[in-house]
Structures are given as structure tokens and as C-alpha cells.
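Novice: One structure follows; several queries about it will come next.
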Amino acid sequence: MSRTLKSLLVFAGAGLLGPLVWNMVRHPSRIEGFISDLVFLLWPTQPMGVIETNVGAPKALTFTIGANLVLFAIIRVIVGLLARTRGRLVLAYVVVCLLLFVWAFWGAGFSFAHLGVLALAVALLVYAIPFWVVMPSPTMPPPA
């Protein structure tokens with residue numbers, strides 16, 4: 001399997017994590033706040049689900065999951081174009097972390113008191129997985 005296809009599949013798989021977590025734990029529980037924050041961070045297109053009132057739940061779910069896959073594919077393409085070395089890949093991950101922090105801070109109403117720090121930490125670790133999987137080995141030449 002080509003390196004490009006492998007990395008595209010890994011990033012697309014990461015795009016399915018948020019919807020998967022939401023589906024597994026959509027029933028209220030004691031950790032509902034943590035899960036809600038985590039899904040918000042892993043499924044950044046989920047707020048687009050408000051279209052449910054106009055198109056119905058199945059179409060809204062399909063649309064938001066599809067949008068998440070497209071978002072993660074776009075991130076993968078950008079990372080693939082810019083991160084030709086380990087150092088650049090780490091820099092790309094740091095940029096994604098900063099963007100994720102801004103997203104989480106916005107979701108918390110720009111309030112550190114409402115920021116789900118544990119969910120943010122878990123999301124940062126989850127987002128590291130696709131970067132780690134596609135990281136070039138030290139002996140592998142950069143892709144042409």
C-alpha cells in the first residue's frame with residue numbers, strides 16, 4: 001500500500017473517531033460532560049448537525065460525518081504537502097494542537113473555568129496517533 005494512501009486512510013479513520021465515541025456513549029452518564037467535550041474536539045463538524053431540524057436526523061448525521069471526513073482529508077493533504085521531514089511533521093502537529101486549543105476555548109465560551117482540560121488532553125493524544133503513524137522513518141527518504 002502506498003504511503004500516501006496509508007496516511008489518507010489513517011487520517012480518515014481519525015475523522016471517524018468523534019462520531020464513533022458519540023454513538024457508543026450517547027446515553028447520559030456521569031461522565032457526560034467529559035464525553036461531550038471529547039466528541040466536540042474529535043468531531044469538529046458535529047455542530048453543523050443543527051441542520052437536523054430542516055433535513056432530518058439521518059441526513060444531518062450523514063452530512064456531519066462526511067464533512068468531518070473531508071476536513072480530516074484536507075488536513076492530511078496539507079500535512080502531506082508541508083511536512084516532508086520529521087521536524088516539519090512535529091511542527092504541523094503543534095499547529096493542529098494550537099488550533100484544537102482555540103476550538104476548545106471557543107467551545108468553552110472563552111472561559112478557562114469551563115474548559116474541559118481532561119478532554120482536551122485526551123483529544124491531543126488521539127490527534128497525535130495519525131501523525132505518529134505517518135511519521136517518516138529516519139532512514140526513509142522523503143516522498144517525491
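Convention: chains lettered A, B, ... in C-alpha cells order; per-chain residue numbering from 1; ligands numbered from 1 as shown.
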With stretch 36-50 of chain A as the partner and 12 Å as the cut-off, tabulate the residues of stretch 87-114 of chain A that qualify, each row holding the nearest pair of atoms and their distance in Å to one decimal, using only C-alpha atoms, sorted by chain and rising number, as a Markdown table.

Specialist:
```
| residue | atom | partner | partner_atom | distance |
| --- | --- | --- | --- | --- |
| A:Val96 | CA | A:Leu41 | CA | 11.6 |
| A:Cys97 | CA | A:Leu41 | CA | 10.8 |
| A:Leu99 | CA | A:Leu41 | CA | 10.5 |
| A:Leu100 | CA | A:Leu41 | CA | 7.1 |
| A:Phe101 | CA | A:Leu41 | CA | 9.1 |
| A:Val102 | CA | A:Leu41 | CA | 10.5 |
| A:Trp103 | CA | A:Leu41 | CA | 7.5 |
| A:Ala104 | CA | A:Leu41 | CA | 6.7 |
| A:Phe105 | CA | A:Leu41 | CA | 10.5 |
| A:Trp106 | CA | A:Phe40 | CA | 11.0 |
| A:Gly107 | CA | A:Phe40 | CA | 8.1 |
| A:Ala108 | CA | A:Asp37 | CA | 9.0 |
| A:His114 | CA | A:Asp37 | CA | 10.2 |
```

Novice: Would you please give, as an NGL selection string, all residues of stretch 70-134 of chain A that DSSP assigns to alpha helix (DSSP H) based on the backbone?

Specialist: :A and (70-82 or 86-107 or 117-133)

Novice: So, counting only C-alpha atoms, which residue among A:Val21, A:Ala73, A:Ile51, A:Leu82 is closest to A:Leu5?

Specialist: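 Nearest candidate to A:Leu5 out of A:Val21, A:Ala73, A:Ile51, A:Leu82: A:Ala73.
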
Novice: Here is a test: counting only C-alpha atoms, which residue of A:Met135, A:Leu20, A:Val117, A:Ala12 is nearest to A:Gly87?

Specialist: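 Closest to A:Gly87, using only C-alpha atoms: A:Met135.
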
Novice: What is the atom CA of A:Arg3-atom CA of A:Arg88 distance in Å, reported with one decimal?

Specialist: 17.0 Å
